[in-house]
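Novice: After the structure tokens below, expect a handful of questions from me.
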Amino acid sequence: MKGIYSELFAYVKKKKFTYVLLMVCLFTGILLDLALPWFMMNITDSALGGNTKEFRFILIIGILILLFTFAQNYFDVLIKNYIASFVRNNLRLRLFDHYLKLPMQFFSKTKSGENSSRIINDVNVVGDLMGNTLVSLIQGPLVAIAAFIFLINIQWQLALICGLIGPLIILIGKIFGVSMRRISGELQEQVSQSQSYIQETMNNMPFIRTYLIGNLVAEKFGGLTKKIFNYDLKKGKIQAALQGSSQAVGFLTFLIAFGLGAYFILIGEITIGALLAFIQLLNHVVWPFSGLAQVWGTTQESLSACERIFRVLKEKRQFTSLPEALTASSLESNHISVDKVSFSYDEGSKKILNDISLKVKENQFVAIVGHNGSGKSTIFKLLLGFFPYTGMIKINNKNTNEMTYAELMQYFSFVSQDQYLFSGTVLENIRYGNLQAKESDIKTLLKNLKFDDLMNHLPNGLATEVGEGGSGLSGGQRQKISIARAILRNAPIFLFDEATSALDYQSEEQIQEVLLNFKNERTTLVIAHKASTIKQADYIIVLDKGEIRAKGSHNELMNKDAYYRDLYKEYVVGDAG
Ligand SMILES: Nc1ncnc2c1ncn2[C@@H]1O[C@H](COP(=O)(O)OP(=O)(O)OP(=O)(O)O)[C@@H](O)[C@H]1O
């Protein structure tokens, strides 16, 4: 909690001047709150006393109070909104930037919907806290104290009796505040989970349609929303009890004030104007306190959003500043050695890779083969520095763990099995491979790759929008963009998770040709899914349940390794299919 308060205070420090203005506004508001009862008391008494000169003077003051109240309210709302927007904007950028710097392990253990809920929903709540709620928390008691002093001036016995309400309402707020905070935290957790599920549902719509699992999905979502509903109800009950009891205490105070006030008029202790002012002032004593109970509830809710945000901000970053892309093509000799590398995704769980050692010579073409789940893609993820491991990986005899991330990345062009595309045009998506590339360079590259269809067959050529995640393109077109992007990057080591399933025969042949051309130009590691690719390789690594089962050329392995022979047969059948 201490950490949260200092984080929040840092925002106050950042906007010192604006908070000072807000305080000026706040104190002006308190003065105006007191000016109105003063006006009511004096105008009533001067009218009842028939003093027209005084009446006119007080009326003019009343008009001035009105004008000031308008200006005070205008600036109060303006400044509060400015602070809330500033905090939201700043925190959102900070959080987004932090997410970009977190290690990949973080993303393999969290849900994307929850992370987006942090950046959108929780940040909004914290903005409200800093702009509105926090100020109300100070404003309420200050107004109440000022009004109370005025009340004492009017009739101290009556004021003291009515003043008993303050501590009582604070006690009520404290009792309910704790449960409010707990329920709000749990509620937000459920909201995040359902947000994740909505996101997954939208992404999986074709699967839901074709497998007719709409009812199942709706049922699961129903379960999630039921939890939200139940937490909402619990929250509603606490809010109702909080508000009901504080309002009742408030009303009780008015009953006492009217009853006793009327008695004091009867015995000539106070005037009618004074009672009017007293009741108006009492509003300022009662409502800040009864409202305070509610504001306290909102504060607890906001603090649990803060907790969630700052929990993420406390996660150790992989980078202090985001690495910039380095020019990849200038590197010459590029060999890789993997020495006794072991890895598991979760600490203490089953090893996904166990004591892997391999060497890839400069400009060698290496195929990694193995059954599904044998750990092929995981080897790529470790080469790319996504996860920490035991053992050592070296490129050109340098330990990759001693390289900066940008330095490591300059070695690799990577094509994964999944295609990662951003909304934008085909051209923009290919250009991520080399942000300096001219359109003409990209066109030449596509011509050389014989991916002309990306220029000629799409409605707006390279300016065609790919849609969210490439949803507006065919699977083959998405793969071609990913491959073209990696080749445009022109790094000396090409990591290719052979995902050529969506390519037509002609395009597949074309990719094979590109890989063949790489043979003497750059170091290439292919997770091979095709017999034709495997046969091209200089060297093959056979992986089985996270261990290297055999290594060698295709002919060597066919001669000496039965496991490989069987595996290869499966690939040949796959190719024929
Ligand atoms: N993010 C992750 N968290 C936990 N386990 C994972 C994660 N990614 C992969 N695994 C597990 O690691 C093992 C190896 O996965 P990997 O993707 O490396 O296999 P692969 O050989 O590339 O398989 P395929 O041929 O199906 O692509 C699998 O058992 C998988 O369940």
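Naming scheme: A, B, ... for chains in displayed order of the structure tokens; residues 1 onward per chain; ligands 1 onward as shown.
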Let's see if you can do this: from backbone DSSP, list all alpha helix (DSSP H) residues in range 176-417 of chain A, as number ranges by chain.
Specialist: A: 176-203, 205-210, 214-266, 272-314, 376-383, 405-409
Novice: Between range 401-445 of chain A and range 493-499 of chain A, at 8 Å or less, what are the per-residue closest atom pairs and their distances in Å? Count only C-alpha atoms, order by chain and rising residue number, and return it as a tab-separated table.
Specialist:
```
residue	atom	partner	partner_atom	distance
A:Tyr411	CA	A:Ile493	CA	5.5
A:Phe412	CA	A:Ile493	CA	4.9
A:Ser413	CA	A:Phe494	CA	4.9
A:Phe414	CA	A:Leu495	CA	4.7
A:Val415	CA	A:Phe496	CA	4.9
A:Ser416	CA	A:Asp497	CA	5.1
A:Gln417	CA	A:Ala499	CA	5.0
A:Asp418	CA	A:Ala499	CA	7.8
```
Novice: Sorted by chain and rising residue number, which residues of chain A lie within 7 Å of ligand 1, and what are their closest atom pairs and distances in Å to one decimal, counting only C-alpha atoms and all ligand atoms, as a tab-separated table?
Specialist:
```
residue	atom	partner	partner_atom_place_in_ligand_line	distance
A:Ser108	CA	ligand 1	1 (N)	4.8
A:Tyr345	CA	ligand 1	4 (C)	5.0
A:Asp346	CA	ligand 1	4 (C)	6.9
A:Ile352	CA	ligand 1	12 (O)	5.4
A:Gly370	CA	ligand 1	21 (O)	6.3
A:His371	CA	ligand 1	25 (O)	5.8
A:Asn372	CA	ligand 1	26 (O)	3.6
A:Gly373	CA	ligand 1	19 (O)	3.4
A:Ser374	CA	ligand 1	21 (O)	3.9
A:Gly375	CA	ligand 1	18 (O)	3.2
A:Lys376	CA	ligand 1	21 (O)	3.8
A:Ser377	CA	ligand 1	22 (O)	3.6
A:Thr378	CA	ligand 1	18 (O)	3.7
A:Ile379	CA	ligand 1	18 (O)	6.6
```
Novice: Mind pulling up the distance from CA of Phe387 in chain A to CA of Tyr197 in chain A?
Specialist: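 These two atoms are separated by 26.3 Å.
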Novice: As a ChimeraX atom specification, please: every residue in range 283-424 of chain A that a backbone DSSP assignment puts in strand (DSSP E or B).
Specialist: /A:336-343,353-360,365-370,390-395,398-399,412-415
Novice: Set the distance at 12 Å and use only C-alpha atoms: which residues neighbour range 239-245 of chain A once local chain neighbours fewer than 5 positions away are removed? I'd like the list as an MDAnalysis selection string.
Specialist: chainID A and resid 165 168:181 183:184 232:234 250:252 287 289:298 301
Novice: Write the residues of the selection above to a file with C-alpha atoms, as a PDB file, in the first residue's frame.
Specialist:
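Wrote out_15.pdb, looks like this:
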```
ATOM      1  CA  ILE A 165     -22.927  12.924  13.175  1.00  0.00           C
ATOM      2  CA  LEU A 168     -20.608   8.286  13.384  1.00  0.00           C
ATOM      3  CA  ILE A 169     -20.569   8.467   9.583  1.00  0.00           C
ATOM      4  CA  ILE A 170     -16.789   8.026   9.420  1.00  0.00           C
ATOM      5  CA  LEU A 171     -17.200   4.859  11.490  1.00  0.00           C
ATOM      6  CA  ILE A 172     -19.867   3.573   9.088  1.00  0.00           C
ATOM      7  CA  GLY A 173     -17.578   4.300   6.097  1.00  0.00           C
ATOM      8  CA  LYS A 174     -14.704   2.468   7.729  1.00  0.00           C
ATOM      9  CA  ILE A 175     -16.791  -0.609   8.523  1.00  0.00           C
ATOM     10  CA  PHE A 176     -18.095  -0.961   4.959  1.00  0.00           C
ATOM     11  CA  GLY A 177     -14.960   0.328   3.200  1.00  0.00           C
ATOM     12  CA  VAL A 178     -12.918  -2.811   3.851  1.00  0.00           C
ATOM     13  CA  SER A 179     -15.526  -5.174   2.373  1.00  0.00           C
ATOM     14  CA  MET A 180     -16.082  -2.751  -0.504  1.00  0.00           C
ATOM     15  CA  ARG A 181     -12.409  -2.908  -1.432  1.00  0.00           C
ATOM     16  CA  ILE A 183     -15.467  -7.117  -3.384  1.00  0.00           C
ATOM     17  CA  SER A 184     -14.324  -4.514  -5.923  1.00  0.00           C
ATOM     18  CA  ASP A 232     -22.252  -6.793  -8.447  1.00  0.00           C
ATOM     19  CA  LEU A 233     -25.098  -7.774  -6.132  1.00  0.00           C
ATOM     20  CA  LYS A 234     -22.727  -8.084  -3.178  1.00  0.00           C
ATOM     21  CA  GLY A 250     -27.926  12.488   8.144  1.00  0.00           C
ATOM     22  CA  PHE A 251     -31.710  12.702   8.227  1.00  0.00           C
ATOM     23  CA  LEU A 252     -31.722  12.149  11.965  1.00  0.00           C
ATOM     24  CA  TRP A 287     -23.771  15.595   3.135  1.00  0.00           C
ATOM     25  CA  PHE A 289     -19.890  13.146   5.670  1.00  0.00           C
ATOM     26  CA  SER A 290     -22.630  10.938   4.260  1.00  0.00           C
ATOM     27  CA  GLY A 291     -21.181  11.437   0.742  1.00  0.00           C
ATOM     28  CA  LEU A 292     -17.790  10.726   2.254  1.00  0.00           C
ATOM     29  CA  ALA A 293     -18.898   7.197   3.039  1.00  0.00           C
ATOM     30  CA  GLN A 294     -19.647   6.687  -0.653  1.00  0.00           C
ATOM     31  CA  VAL A 295     -16.476   8.439  -1.798  1.00  0.00           C
ATOM     32  CA  TRP A 296     -14.610   6.190   0.609  1.00  0.00           C
ATOM     33  CA  GLY A 297     -16.150   3.173  -1.138  1.00  0.00           C
ATOM     34  CA  THR A 298     -15.093   4.495  -4.553  1.00  0.00           C
ATOM     35  CA  GLU A 301     -12.402   0.443  -5.524  1.00  0.00           C
TER      36      GLU A 301
END
```
Novice: My list of candidates is A:Ile336, A:Ile119, A:Ile487, A:Leu212. Which is closest to Ala305 in chain A when distances are computed with only C-alpha atoms?
Specialist: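 Of the candidates, the smallest distance to Ala305 in chain A is held by A:Ile119.
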